[in-house]
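What follows is the content of structure-v9.csv (CSV, C-alpha atoms).
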chain,number,residue,atom,x,y,z
A,15,MET,CA,59.6,71.9,-28.1
A,16,ASN,CA,56.2,73.8,-28.0
A,17,LYS,CA,52.9,72.1,-27.4
A,18,LYS,CA,51.8,72.2,-31.1
A,19,GLN,CA,55.0,70.5,-32.2
A,20,LYS,CA,54.5,67.8,-29.5
A,21,ILE,CA,51.0,67.1,-30.7
A,22,TYR,CA,52.2,67.0,-34.3
A,23,ASN,CA,54.8,64.4,-33.4
A,24,LYS,CA,52.3,62.3,-31.6
A,25,LEU,CA,50.0,62.4,-34.6
A,26,LEU,CA,52.8,61.2,-36.9
A,27,GLU,CA,53.0,58.1,-34.8
A,28,LEU,CA,49.4,57.3,-35.5
A,29,VAL,CA,48.8,58.6,-39.1
A,30,LYS,CA,51.0,58.8,-42.2
A,31,GLU,CA,52.8,62.1,-42.5
A,32,GLU,CA,51.1,62.9,-45.8
A,33,ASN,CA,47.7,62.6,-44.0
A,34,VAL,CA,48.6,65.1,-41.2
A,35,LYS,CA,48.5,68.8,-42.1
A,36,VAL,CA,49.1,71.8,-39.9
A,37,ASP,CA,47.2,75.1,-40.2
A,38,GLU,CA,45.1,73.8,-43.1
A,39,MET,CA,42.6,76.3,-44.6
A,40,LEU,CA,39.2,74.8,-44.1
A,41,ARG,CA,37.6,76.9,-46.8
A,42,ASP,CA,39.2,74.6,-49.3
A,43,HIS,CA,37.1,71.7,-47.9
A,44,LEU,CA,33.7,73.4,-47.7
A,45,TYR,CA,31.0,74.0,-50.3
A,46,THR,CA,30.6,77.5,-49.1
A,47,LYS,CA,34.3,78.2,-49.6
A,48,LEU,CA,34.3,79.9,-46.2
A,49,GLY,CA,36.2,79.2,-43.0
A,50,GLY,CA,39.6,79.7,-41.2
A,51,LYS,CA,42.4,77.3,-40.4
A,52,ALA,CA,42.4,74.0,-38.5
A,53,ASP,CA,45.3,73.5,-36.1
A,54,PHE,CA,45.6,69.9,-37.3
A,55,PHE,CA,43.8,68.4,-40.3
A,56,ILE,CA,43.9,64.6,-40.3
A,57,THR,CA,42.7,62.3,-43.1
A,58,PRO,CA,42.9,58.7,-41.7
A,59,THR,CA,43.0,55.7,-44.0
A,60,SER,CA,41.7,53.1,-41.5
A,61,TYR,CA,39.2,52.6,-38.7
A,62,GLU,CA,42.2,51.9,-36.4
A,63,GLU,CA,43.8,55.2,-37.1
A,64,ILE,CA,40.5,57.0,-36.2
A,65,GLN,CA,40.4,55.0,-33.0
A,66,ASN,CA,43.9,56.0,-32.1
A,67,VAL,CA,43.4,59.7,-32.8
A,68,VAL,CA,40.3,59.7,-30.6
A,69,LYS,CA,42.2,58.0,-27.8
A,70,LEU,CA,45.0,60.6,-28.2
A,71,SER,CA,42.5,63.4,-28.1
A,72,ASN,CA,41.1,61.9,-24.8
A,73,GLU,CA,44.5,61.3,-23.2
A,74,ASP,CA,45.9,64.7,-24.0
A,75,ASN,CA,42.6,66.7,-23.8
A,76,ILE,CA,42.8,67.9,-27.4
A,77,PRO,CA,39.5,68.9,-28.9
A,78,PHE,CA,38.6,67.2,-32.2
A,79,THR,CA,36.0,67.9,-34.8
A,80,LEU,CA,34.7,65.6,-37.5
A,81,LEU,CA,34.4,67.2,-41.0
A,82,GLY,CA,32.5,65.5,-43.8
A,83,ASN,CA,32.7,67.1,-47.3
A,84,GLY,CA,31.4,70.4,-45.9
A,85,SER,CA,28.1,70.5,-47.8
A,86,ASN,CA,25.9,71.5,-44.8
A,87,LEU,CA,28.3,73.3,-42.7
A,88,ILE,CA,29.6,76.8,-42.0
A,89,ILE,CA,32.9,77.3,-40.3
A,90,LYS,CA,33.7,80.6,-38.7
A,91,ASP,CA,36.6,82.8,-39.9
A,92,GLY,CA,38.7,82.0,-36.9
A,93,GLY,CA,38.9,78.3,-37.8
A,94,ILE,CA,38.9,75.3,-35.5
A,95,ARG,CA,41.2,74.6,-32.6
A,96,GLY,CA,42.6,71.1,-32.1
A,97,ILE,CA,42.2,68.2,-34.5
A,98,VAL,CA,39.9,68.2,-37.5
A,99,ILE,CA,39.3,64.7,-38.9
A,100,ASN,CA,38.2,64.2,-42.5
A,101,LEU,CA,37.3,60.7,-43.7
A,102,LYS,CA,37.6,61.3,-47.4
A,103,HIS,CA,39.9,58.3,-47.8
A,104,LEU,CA,37.3,56.0,-46.4
A,105,ASP,CA,35.0,55.9,-49.4
A,106,ALA,CA,34.5,52.3,-50.3
A,107,ILE,CA,31.0,51.1,-51.4
A,108,TYR,CA,30.1,47.4,-52.0
A,109,SER,CA,27.0,45.2,-51.9
A,110,GLU,CA,25.9,42.1,-50.1
A,111,GLY,CA,22.6,40.6,-51.4
A,112,ASN,CA,20.0,43.4,-51.1
A,113,THR,CA,22.2,45.6,-48.9
A,114,VAL,CA,24.6,48.3,-49.9
A,115,VAL,CA,27.5,49.0,-47.5
A,116,ALA,CA,29.2,52.4,-47.7
A,117,GLN,CA,32.1,53.9,-45.7
A,118,SER,CA,31.3,57.2,-44.2
A,119,GLY,CA,33.6,59.2,-46.5
A,120,ALA,CA,31.8,58.1,-49.6
A,121,ARG,CA,29.3,60.6,-51.1
A,122,ILE,CA,25.7,59.5,-50.5
A,123,ILE,CA,25.2,60.4,-54.2
A,124,ASP,CA,27.7,57.7,-55.2
A,125,ALA,CA,26.0,55.2,-52.9
A,126,SER,CA,22.7,56.0,-54.7
A,127,ARG,CA,24.3,55.5,-58.1
A,128,TYR,CA,26.0,52.3,-56.9
A,129,ALA,CA,22.5,51.0,-55.8
A,130,LEU,CA,21.2,51.8,-59.3
A,131,ASP,CA,24.0,49.8,-60.9
A,132,LYS,CA,23.1,46.9,-58.7
A,133,LYS,CA,19.3,47.3,-59.5
A,134,LEU,CA,18.5,48.0,-55.9
A,135,SER,CA,15.8,50.6,-55.0
A,136,GLY,CA,15.5,52.8,-51.9
A,137,LEU,CA,18.3,55.3,-52.2
A,138,GLU,CA,16.9,57.2,-55.2
A,139,PHE,CA,16.0,60.2,-53.0
A,140,ALA,CA,19.7,60.7,-52.2
A,141,CYS,CA,20.8,61.1,-55.8
A,142,GLY,CA,21.1,64.8,-55.4
A,143,ILE,CA,22.2,65.2,-51.8
A,144,PRO,CA,25.8,66.4,-51.9
A,145,GLY,CA,27.0,65.2,-48.4
A,146,THR,CA,28.9,62.1,-47.4
A,147,VAL,CA,27.4,58.9,-46.1
A,148,GLY,CA,28.5,59.9,-42.5
A,149,GLY,CA,27.0,63.3,-42.8
A,150,ALA,CA,23.8,61.9,-44.2
A,151,LEU,CA,23.4,59.7,-41.1
A,152,TYR,CA,24.4,62.5,-38.8
A,153,MET,CA,21.5,64.7,-39.9
A,154,ASN,CA,19.1,61.9,-41.3
A,155,ALA,CA,19.4,63.6,-44.7
A,156,GLY,CA,16.4,63.4,-46.9
A,157,ALA,CA,14.8,64.8,-50.0
A,158,TYR,CA,11.7,64.4,-52.1
A,159,GLY,CA,9.8,62.2,-49.6
A,160,GLY,CA,12.7,59.9,-48.6
A,161,GLU,CA,15.2,60.0,-45.8
A,162,ILE,CA,18.1,57.9,-44.4
A,163,LYS,CA,16.0,56.3,-41.6
A,164,ASP,CA,13.8,54.7,-44.3
A,165,VAL,CA,16.7,52.5,-45.5
A,166,LEU,CA,19.4,52.3,-42.8
A,167,ASP,CA,19.9,48.9,-41.3
A,168,TYR,CA,22.9,49.6,-39.0
A,169,ALA,CA,26.1,51.5,-38.8
A,170,TYR,CA,29.6,51.1,-37.3
A,171,VAL,CA,30.9,54.0,-35.3
A,172,VAL,CA,34.0,54.9,-33.3
A,173,ASP,CA,32.6,56.0,-30.0
A,174,LYS,CA,34.0,58.7,-27.7
A,175,HIS,CA,36.3,56.2,-26.0
A,176,GLY,CA,37.8,55.1,-29.4
A,177,THR,CA,36.0,51.8,-29.5
A,178,LEU,CA,34.5,50.4,-32.7
A,179,VAL,CA,30.8,49.8,-32.0
A,180,LYS,CA,27.8,48.5,-34.1
A,181,ARG,CA,24.7,50.7,-33.8
A,182,LEU,CA,21.3,49.6,-35.1
A,183,ALA,CA,19.3,52.3,-36.9
A,184,ALA,CA,16.8,52.3,-34.1
A,185,GLU,CA,19.5,53.2,-31.6
A,186,LEU,CA,20.4,56.4,-33.5
A,187,ASP,CA,17.2,58.4,-32.8
A,188,LEU,CA,16.9,59.3,-36.5
A,189,ASP,CA,14.3,62.1,-36.9
A,190,TYR,CA,13.7,65.1,-39.1
A,191,ARG,CA,17.3,66.3,-39.9
A,192,THR,CA,18.6,65.0,-36.6
A,193,SER,CA,20.1,62.0,-34.8
A,194,ASN,CA,21.9,61.3,-31.5
A,195,ILE,CA,25.2,60.7,-33.2
A,196,SER,CA,26.7,64.1,-32.1
A,197,ASP,CA,25.2,63.9,-28.6
A,198,ASN,CA,26.9,60.5,-28.1
A,199,GLY,CA,30.2,61.6,-29.5
A,200,ASP,CA,30.1,58.9,-32.2
A,201,ILE,CA,32.0,59.0,-35.5
A,202,VAL,CA,30.2,57.1,-38.2
A,203,VAL,CA,32.7,55.0,-40.2
A,204,GLU,CA,30.3,52.7,-42.1
A,205,ALA,CA,26.6,52.3,-43.0
A,206,THR,CA,24.6,49.4,-44.2
A,207,PHE,CA,21.4,50.1,-46.2
A,208,GLN,CA,18.6,47.6,-46.7
A,209,LEU,CA,17.2,48.0,-50.2
A,210,LYS,CA,14.8,46.2,-52.6
A,211,PRO,CA,15.4,44.7,-56.0
A,212,ALA,CA,13.8,46.6,-58.9
A,213,LYS,CA,14.2,47.2,-62.6
A,214,TYR,CA,17.2,49.4,-63.6
A,215,GLU,CA,15.0,51.5,-65.9
A,216,ASP,CA,12.5,52.2,-63.2
A,217,ILE,CA,15.1,53.3,-60.6
A,218,LYS,CA,16.9,55.5,-63.2
A,219,GLU,CA,13.7,57.2,-64.3
A,220,VAL,CA,13.1,58.3,-60.7
A,221,MET,CA,16.7,59.5,-60.3
A,222,ASP,CA,16.6,61.4,-63.5
A,223,ASP,CA,13.4,63.1,-62.5
A,224,LEU,CA,14.8,64.1,-59.1
A,225,THR,CA,18.1,65.3,-60.6
A,226,PHE,CA,16.2,67.5,-63.1
A,227,LYS,CA,14.1,69.0,-60.3
A,228,ARG,CA,17.2,69.7,-58.2
A,229,GLU,CA,19.3,71.3,-61.1
A,230,SER,CA,16.4,73.4,-62.3
A,231,LYS,CA,15.4,74.8,-58.9
A,232,GLN,CA,18.7,75.1,-56.9
A,233,PRO,CA,21.5,77.7,-57.4
A,234,LEU,CA,24.2,75.1,-58.0
A,235,GLU,CA,26.3,77.6,-60.0
A,236,TYR,CA,27.4,79.4,-56.7
A,237,PRO,CA,29.1,78.1,-53.6
A,238,SER,CA,26.5,77.5,-50.8
A,239,CYS,CA,25.8,75.3,-47.8
A,240,GLY,CA,22.7,73.9,-49.3
A,241,SER,CA,19.3,74.3,-47.7
A,242,VAL,CA,19.8,76.7,-44.8
A,243,PHE,CA,16.7,76.1,-42.7
A,244,LYS,CA,14.6,73.2,-41.6
A,245,ARG,CA,11.0,73.1,-42.7
A,246,PRO,CA,8.8,74.7,-40.0
A,247,PRO,CA,5.7,72.7,-39.1
A,248,GLY,CA,2.9,73.7,-41.5
A,249,TYR,CA,5.1,75.9,-43.7
A,250,PHE,CA,7.9,75.9,-46.2
A,251,ALA,CA,11.0,77.9,-45.3
A,252,GLY,CA,11.7,79.0,-48.9
A,253,LYS,CA,8.1,80.2,-49.3
A,254,LEU,CA,8.2,82.2,-46.1
A,255,ILE,CA,11.5,83.8,-47.1
A,256,GLN,CA,10.2,84.5,-50.6
A,257,ASP,CA,7.0,86.1,-49.2
A,258,SER,CA,9.2,88.3,-47.0
A,259,ASP,CA,10.7,89.8,-50.1
A,260,LEU,CA,14.2,88.7,-49.1
A,261,GLN,CA,15.4,87.1,-52.3
A,262,GLY,CA,18.4,89.0,-53.6
A,263,THR,CA,19.0,90.5,-50.2
A,264,ASN,CA,22.8,90.6,-49.4
A,265,ILE,CA,25.2,91.3,-46.6
A,266,GLY,CA,28.7,91.6,-47.8
A,267,GLY,CA,29.3,88.8,-50.4
A,268,ALA,CA,26.5,86.6,-49.1
A,269,GLU,CA,23.1,86.7,-50.8
A,270,VAL,CA,19.7,85.1,-50.5
A,271,SER,CA,19.4,83.2,-53.7
A,272,LYS,CA,17.0,84.6,-56.4
A,273,LYS,CA,16.6,81.1,-57.8
A,274,HIS,CA,15.7,79.3,-54.5
A,275,ALA,CA,14.9,81.4,-51.4
A,276,GLY,CA,15.9,78.6,-49.1
A,277,PHE,CA,19.6,78.9,-50.2
A,278,ILE,CA,22.1,81.6,-49.2
A,279,ILE,CA,25.0,81.8,-51.7
A,280,ASN,CA,28.5,83.0,-51.6
A,281,LYS,CA,28.2,85.4,-54.5
A,282,ASP,CA,31.2,87.6,-54.0
A,283,ASN,CA,34.0,86.5,-51.7
A,284,ALA,CA,31.7,86.4,-48.6
A,285,THR,CA,33.1,85.9,-45.1
A,286,THR,CA,31.5,83.6,-42.6
A,287,SER,CA,30.4,86.7,-40.7
A,288,ASP,CA,28.5,87.9,-43.8
A,289,TYR,CA,26.8,84.5,-44.0
A,290,ILE,CA,25.8,84.4,-40.3
A,291,SER,CA,24.6,88.0,-40.3
A,292,LEU,CA,22.4,87.3,-43.3
A,293,ILE,CA,21.0,84.1,-41.7
A,294,GLU,CA,20.1,86.0,-38.6
A,295,HIS,CA,18.5,88.8,-40.7
A,296,VAL,CA,16.3,86.3,-42.6
A,297,GLN,CA,15.3,84.7,-39.3
A,298,LYS,CA,14.3,88.0,-37.7
A,299,THR,CA,12.4,89.2,-40.8
A,300,VAL,CA,10.4,86.0,-41.1
A,301,LYS,CA,9.7,86.1,-37.4
A,302,ASP,CA,8.5,89.7,-37.5
A,303,LYS,CA,6.3,89.2,-40.6
A,304,PHE,CA,4.8,85.7,-40.0
A,305,GLY,CA,5.6,84.9,-36.4
A,306,VAL,CA,7.5,81.7,-37.5
A,307,ASP,CA,10.8,80.7,-36.1
A,308,LEU,CA,13.2,79.4,-38.7
A,309,GLU,CA,15.5,76.8,-37.3
A,310,ARG,CA,18.8,76.3,-39.0
A,311,GLU,CA,19.5,73.1,-40.8
A,312,VAL,CA,23.1,74.1,-41.5
A,313,ARG,CA,25.6,73.7,-38.7
A,314,ILE,CA,27.8,76.7,-37.6
A,315,ILE,CA,31.0,75.8,-35.8
A,316,GLY,CA,34.5,77.2,-35.1
A,317,ASP,CA,35.9,80.3,-33.6
A,318,ASP,CA,35.3,84.0,-34.4
A,319,LYS,CA,38.2,85.8,-36.0
A,320,ASP,CA,40.3,87.8,-33.5
As structure tokens, how would this structure be written, given the file I've shared?
Amino acid sequence: MNKKQKIYNKLLELVKEENVKVDEMLRDHLYTKLGGKADFFITPTSYEEIQNVVKLSNEDNIPFTLLGNGSNLIIKDGGIRGIVINLKHLDAIYSEGNTVVAQSGARIIDASRYALDKKLSGLEFACGIPGTVGGALYMNAGAYGGEIKDVLDYAYVVDKHGTLVKRLAAELDLDYRTSNISDNGDIVVEATFQLKPAKYEDIKEVMDDLTFKRESKQPLEYPSCGSVFKRPPGYFAGKLIQDSDLQGTNIGGAEVSKKHAGFIINKDNATTSDYISLIEHVQKTVKDKFGVDLEREVRIIGDDKD
């Protein structure tokens, strides 16, 4: 029996067979529609299953990677070795008083809409963010003047040892598009947001306005990874890219959006290599023209293709 078969058999002892896939194409799980295969693709249905998979990873020295819904991520064409964990089955949302509790596999958009239904204000800014709750915490997602750290009370995580731990928001070092979640090796499984009662009509008006702004300005008709770059201090990334005459520039099937310069779209069967080359070209051009370093907001992971 080869090593891959042994790992597969061990995973079947921890997770239901229908939730363990071998050589799964990751492009099917990413907004960019890019990326190679995962050796093992796991979709747990309980916190205990996540804990057990983490412990197996530690015991057998198997690398594992957490994958949200792939909205702010680029995976290389060679895919990812080891175990990829996707928490799409953990997507429950419920409320307790003025708090909304959401499992990490739920979309942050859905948490925002749920808060609206409960007449709770604070998550309006998230009504157009395509990521999961877990992903939103991971990068302290934000838009239109709001961000996760404004409303997060605490989260439950599975730590690198496979233990379920409560983390207060203050413990996560939430800052502009960053946190310490990755550095600590934590897997967010649940988040609790502290919100405020408000009128349904007032909350909906804000959400409708933000949705209109998003749909009118962003190239949602094409696959993309969302906003590619962080906002440099004192500047706007999109404006710098636009003023560098880069809109419409393409490498292979990847193109700097003509609708919003801060987005790179998969216009015509792009490869991850096309995407990364175009990102680097944009960074170099803006640096040469304005002396500003554009830092990626999107994460790039995985192996290069052989």
#### Entry: Atomic distance atom CA of Cys141 of chain A - atom CA of Thr192 of chain A, expressed in Å with one decimal
19.7 Å
Within 9 Å of segment 45-67 of chain A, which residues of segment 102-155 of chain A come that close, and what is the closest atom pair and distance in Å for each? Count all atoms listed in the file and give it as CSV.
residue,atom,partner,partner_atom,distance
A:Lys102,CA,A:Thr57,CA,6.7
A:His103,CA,A:Thr59,CA,5.6
A:Leu104,CA,A:Thr59,CA,6.2
### Query
Given the choices A:Gly305, A:Pro77, A:Gly148, A:Pro246, which gets closest to Val171 of chain A if the distance is worked out from all atoms listed in the file?
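Comparing A:Gly305, A:Pro77, A:Gly148, A:Pro246 against Val171 of chain A, the winner is A:Gly148.
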### Task
Give the answer as one residue: which of A:Ser135, A:Ser85, A:Ser71, A:Asn100 has the shortest atom-to-atom distance to Leu234 of chain A, using only C-alpha atoms?
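So, comparing all the options, the nearest one is A:Ser85.
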### Query
Closest to Lys180 of chain A among A:Asn75, A:Asn112, A:Thr206, A:Ser196, using all atoms listed in the file?
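Nearest to Lys180 of chain A: A:Thr206.
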### Query
Could you name the residues that touch segment 292-294 of chain A at 9 Å or less, counting only C-alpha atoms, but leaving out those on the same chain fewer than 4 positions away, as JSON, numbers by chain?
{"A": [242, 263, 264, 265, 266, 268, 269, 270, 278, 287, 288, 298, 299, 310]}
### Task
Compare A:Lys174, A:Arg191, A:Lys227, A:Lys133 by their minimum atom-to-atom distance to Tyr158 of chain A, counting only C-alpha atoms, and give me the closest one.
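Residue with the minimum atom-to-atom distance to Tyr158 of chain A: A:Lys227.
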### Query
Quick one, how far is atom CA of Met153 of chain A from atom CA of Gly252 of chain A?
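Pair atom CA of Met153 of chain A / atom CA of Gly252 of chain A returns 19.5 Å.
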### Message
At a cut-off of 7 Å, using only C-alpha atoms, what residues contact Ile195 of chain A? Leave out same-chain residues fewer than 4 positions from it and give the result as a ChimeraX atom specification.
### Response
/A:152,186,199-200
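Taking atom CA of Val202 of chain A as the reference point, atom CA of Tyr170 of chain A is found at 6.1 Å.
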### Polymer residues at most 10 Å from Leu254 of chain A, all atoms listed in the file, same-chain spacing of 3 or more positions, as a PyMOL selection string
chain A and resi 246+249-251+257-260+275-276+296+299-301+303-304+306+308
### Query
Could you name the residues that touch segment 215-217 of chain A at 12 Å or less, counting only C-alpha atoms, but leaving out those on the same chain fewer than 6 positions away, as a ChimeraX atom specification?
/A:126-139,141,209,223-224
### Message
Applying 12 Å and all atoms listed in the file, which residues near Gly240 of chain A remain after dropping the ones on its own chain fewer than 4 positions away? List them as a ChimeraX atom specification.
### Response
/A:44-46,84-88,142-145,155,228,232-236,244,270-271,274-280,310-313
### Task
Determine the nearest neighbour of Lys272 of chain A from the options A:Ile314, A:Ala284, A:Cys239, A:Ile255, counting only C-alpha atoms.
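Answer, going by the shortest atom-to-atom distance: A:Ile255.
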